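Visitor: Below is the structure I would like to discuss, written out as structure tokens.
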Amino acid sequence: MKLKKFNFKTVNSTNDLAIQIIKNTNNKSGIIIAEKQKKGRGQYGKKWTSFKGNLFVSIFFQIDFIQLSLKNLTKVNCSLVKKLLENFYKDTIMIKKPNDLLINNKKISGILQETLTKSGKTFIIVGIGINLIKSPTIRNYLTTNLFDLTGEKITPNFAALKLKKIYETFIPMFPKFNIKNLDRNLK
């Protein structure tokens with residue numbers, strides 16, 4: 001499955017833009033990539049700090065054919081983002097339920113999943129933020145970024161294209177995905 005790519009300089013929120021695209025077009029899947037978000041958001045409406053140079057994407061696709069619960073879809077999406085991070089960082093990357101990724105007990109990535117129904121079809125929107133070059137300061141929550149960990153500058157576009165390929169490979173597998181064998185399914 002090919003994800004249609006949508007590139008933007010500045011958006012309010014990549015998830016909000018994905019919702020607009022689903023509602024107003026016939027696109028069944030896509031990836032929205034933004035250089036900057038003005039109103040990025042996380043789970044429970046929390047603000048997502050969006051520093052330029054970090055990764056802000058939303059991937060959307062139809063899920064009517066998928067037999068996984070949203071909770072299990074979250075596990076799969078976290079594992080796919082972890083797969084991306086493993087391209088750049090070789091030590092331990094932890095998934096903190098329900099939707100954060102940590103390195104050295106510090107948050108490096110968060111995922112916001114939302115669903116939308118249009119004309120009887122259900123879509124999932126997977127908003128993904130990854131600290132590539134700068135970490136926000138969050139009260140009572142340690143954060144990190146890939147540049148501080150590796151000394152390498154990874155561009156948002158490069159990371160987004162790698163993530164796009166990962167999703168294009170795994171979305172067709174979702175209908176027969178066995179959550180009990182998650183790690184083996186993602187090899």
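Residues are referred to by chain and number: the chain letter is A, B, ... according to the order shown in the structure tokens, the number counts from 1 in that chain, and ligands are numbered separately from 1 in the order shown.
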To test your reading of the structure, identify every residue in segment 18-169 of chain A that backbone DSSP assigns to alpha helix (DSSP H), and report it as number ranges by chain.
Guide: A: 18-24, 70-85, 146-150, 156-169
Visitor: Among segment 86-160 of chain A, which residues does DSSP mark as strand (DSSP E or B) when it is run on the backbone? Keep the chain and numbering as in the structure and answer as a ChimeraX atom specification.
Guide: /A:94-96,100-103,106-118,121-130,138,141,143
Visitor: Env of Glu168 of chain A: 7 Å cut, atoms = only C-alpha atoms, seq-sep filter 3 positions within chain, self excluded. Answer as a list of chain:residue names.
Guide: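 Skipping anything fewer than 3 positions along the chain leaves A:Met1, A:Lys2, A:Leu3, A:Lys164, A:Lys165, A:Ile171.
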Visitor: Excluding same-chain residues fewer than 6 positions from segment 136-143 of chain A, what lies within 10 Å of it counting only C-alpha atoms, as JSON, numbers by chain?
Guide: {"A": [48, 49, 50, 51, 102, 103, 104, 105, 106, 107, 108, 109]}
Visitor: Taking a cut-off of 10 Å and counting only C-alpha atoms, can you build a table that, for each residue of segment 89-132 of chain A near segment 18-36 of chain A, reports the nearest atom pair and how far apart they are in Å (one decimal), sorted by chain then residue number, as JSON lines?
Guide:
{"residue": "A:Glu114", "atom": "CA", "partner": "A:Ile19", "partner_atom": "CA", "distance": 9.1}
{"residue": "A:Thr115", "atom": "CA", "partner": "A:Ile19", "partner_atom": "CA", "distance": 8.9}
{"residue": "A:Leu116", "atom": "CA", "partner": "A:Ile19", "partner_atom": "CA", "distance": 7.4}
{"residue": "A:Thr117", "atom": "CA", "partner": "A:Lys23", "partner_atom": "CA", "distance": 8.9}
{"residue": "A:Lys118", "atom": "CA", "partner": "A:Lys23", "partner_atom": "CA", "distance": 6.8}
{"residue": "A:Ser119", "atom": "CA", "partner": "A:Lys23", "partner_atom": "CA", "distance": 9.5}
{"residue": "A:Lys121", "atom": "CA", "partner": "A:Lys28", "partner_atom": "CA", "distance": 9.6}
{"residue": "A:Phe123", "atom": "CA", "partner": "A:Lys28", "partner_atom": "CA", "distance": 8.1}
{"residue": "A:Ile124", "atom": "CA", "partner": "A:Ser29", "partner_atom": "CA", "distance": 9.4}
{"residue": "A:Ile125", "atom": "CA", "partner": "A:Ala18", "partner_atom": "CA", "distance": 6.9}
{"residue": "A:Val126", "atom": "CA", "partner": "A:Ala18", "partner_atom": "CA", "distance": 9.2}
{"residue": "A:Gly127", "atom": "CA", "partner": "A:Ile32", "partner_atom": "CA", "distance": 9.1}
{"residue": "A:Ile128", "atom": "CA", "partner": "A:Ile33", "partner_atom": "CA", "distance": 9.9}
Visitor: Let's have the selection written as a CSV table (one decimal), in the first residue's frame, with all heavy atoms.
Guide:
chain,number,residue,atom,x,y,z
A,114,GLU,N,-6.4,8.6,16.7
A,114,GLU,CA,-7.8,9.0,16.7
A,114,GLU,C,-8.5,8.2,15.6
A,114,GLU,O,-7.8,7.8,14.6
A,114,GLU,CB,-7.9,10.5,16.4
A,114,GLU,CG,-7.2,11.3,17.5
A,114,GLU,CD,-7.3,12.8,17.2
A,114,GLU,OE1,-6.5,13.3,16.4
A,114,GLU,OE2,-8.2,13.5,17.8
A,115,THR,N,-9.8,8.0,15.7
A,115,THR,CA,-10.5,7.4,14.6
A,115,THR,C,-11.6,8.3,14.1
A,115,THR,O,-12.0,9.2,14.8
A,115,THR,CB,-11.2,6.0,15.1
A,115,THR,OG1,-12.0,6.3,16.2
A,115,THR,CG2,-10.1,5.0,15.5
A,116,LEU,N,-12.0,8.0,12.9
A,116,LEU,CA,-13.0,8.9,12.2
A,116,LEU,C,-13.8,7.9,11.3
A,116,LEU,O,-13.2,7.1,10.6
A,116,LEU,CB,-12.3,10.0,11.4
A,116,LEU,CG,-13.1,10.8,10.5
A,116,LEU,CD1,-14.0,11.8,11.3
A,116,LEU,CD2,-12.3,11.7,9.6
A,117,THR,N,-15.1,8.1,11.2
A,117,THR,CA,-15.9,7.3,10.3
A,117,THR,C,-16.4,8.3,9.2
A,117,THR,O,-16.9,9.4,9.5
A,117,THR,CB,-17.0,6.6,11.0
A,117,THR,OG1,-16.5,5.8,12.0
A,117,THR,CG2,-17.9,5.8,10.1
A,118,LYS,N,-16.3,7.9,8.0
A,118,LYS,CA,-16.8,8.6,6.8
A,118,LYS,C,-17.4,7.7,5.9
A,118,LYS,O,-16.8,6.7,5.4
A,118,LYS,CB,-15.6,9.4,6.1
A,118,LYS,CG,-16.1,10.1,4.9
A,118,LYS,CD,-14.9,10.7,4.1
A,118,LYS,CE,-15.4,11.2,2.8
A,118,LYS,NZ,-14.3,11.6,1.9
A,119,SER,N,-18.7,7.9,5.5
A,119,SER,CA,-19.4,7.1,4.6
A,119,SER,C,-19.4,5.6,5.0
A,119,SER,O,-19.2,4.7,4.1
A,119,SER,CB,-18.9,7.3,3.2
A,119,SER,OG,-19.0,8.6,2.8
A,121,LYS,N,-17.1,4.0,6.5
A,121,LYS,CA,-15.7,3.5,6.5
A,121,LYS,C,-15.0,4.1,7.7
A,121,LYS,O,-15.1,5.3,8.0
A,121,LYS,CB,-14.9,3.9,5.3
A,121,LYS,CG,-15.6,3.5,4.0
A,121,LYS,CD,-15.3,2.1,3.6
A,121,LYS,CE,-15.8,1.8,2.2
A,121,LYS,NZ,-16.4,0.5,2.1
A,123,PHE,N,-11.5,5.1,9.7
A,123,PHE,CA,-10.1,5.4,9.5
A,123,PHE,C,-9.4,5.6,10.8
A,123,PHE,O,-10.0,6.0,11.8
A,123,PHE,CB,-10.0,6.7,8.7
A,123,PHE,CG,-10.5,6.7,7.3
A,123,PHE,CD1,-11.8,6.8,7.0
A,123,PHE,CD2,-9.6,6.5,6.2
A,123,PHE,CE1,-12.3,6.8,5.7
A,123,PHE,CE2,-10.1,6.4,4.9
A,123,PHE,CZ,-11.4,6.6,4.7
A,124,ILE,N,-8.1,5.3,10.8
A,124,ILE,CA,-7.3,5.6,12.0
A,124,ILE,C,-6.3,6.7,11.6
A,124,ILE,O,-5.8,6.7,10.5
A,124,ILE,CB,-6.6,4.4,12.6
A,124,ILE,CG1,-5.9,4.8,13.9
A,124,ILE,CG2,-5.6,3.8,11.6
A,124,ILE,CD1,-5.5,3.6,14.8
A,125,ILE,N,-6.1,7.6,12.5
A,125,ILE,CA,-5.1,8.7,12.3
A,125,ILE,C,-4.1,8.4,13.4
A,125,ILE,O,-4.4,8.4,14.6
A,125,ILE,CB,-5.7,10.1,12.4
A,125,ILE,CG1,-6.8,10.3,11.4
A,125,ILE,CG2,-4.6,11.1,12.3
A,125,ILE,CD1,-8.1,10.4,11.9
A,126,VAL,N,-2.8,8.3,13.0
A,126,VAL,CA,-1.7,8.0,14.0
A,126,VAL,C,-0.8,9.2,13.9
A,126,VAL,O,0.0,9.3,13.0
A,126,VAL,CB,-1.0,6.7,13.6
A,126,VAL,CG1,0.1,6.4,14.7
A,126,VAL,CG2,-1.9,5.5,13.4
A,127,GLY,N,-0.9,10.1,14.9
A,127,GLY,CA,0.0,11.2,15.0
A,127,GLY,C,1.2,10.8,15.8
A,127,GLY,O,1.1,10.2,16.8
A,128,ILE,N,2.4,11.1,15.2
A,128,ILE,CA,3.6,10.7,15.8
A,128,ILE,C,4.6,11.9,15.9
A,128,ILE,O,4.8,12.7,14.9
A,128,ILE,CB,4.3,9.6,14.9
A,128,ILE,CG1,3.4,8.4,14.7
A,128,ILE,CG2,5.7,9.2,15.4
A,128,ILE,CD1,3.7,7.5,13.6
Visitor: Give me the residues near Ala159 of chain A as a list in words, where near means some atom within 12 Å (using only C-alpha atoms) and where sequence neighbours in that chain fewer than 4 positions away do not count.
Guide: Ile33, Gly53, Asn54, Leu55, Phe56, Val57, Val81, Lys83, Leu84, Leu85, Glu86, Asn87, Phe88, Ile128, Gly129, Ile130, Asn131, Leu132, Ile133, Leu146, Lys153, Ile154, Thr155, Leu163, Lys164, Lys165 and Ile166 of chain A
Visitor: Could you check how far atom CA of Asp100 of chain A sits from atom CA of Asn15 of chain A, in Å to one decimal?
Guide: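 Pair atom CA of Asp100 of chain A / atom CA of Asn15 of chain A returns 16.8 Å.
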Visitor: Distance atom CA of Asn77 of chain A-atom CA of Asn7 of chain A, one decimal place?
Guide: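 About the pair atom CA of Asn77 of chain A and atom CA of Asn7 of chain A: they are 21.3 Å apart.
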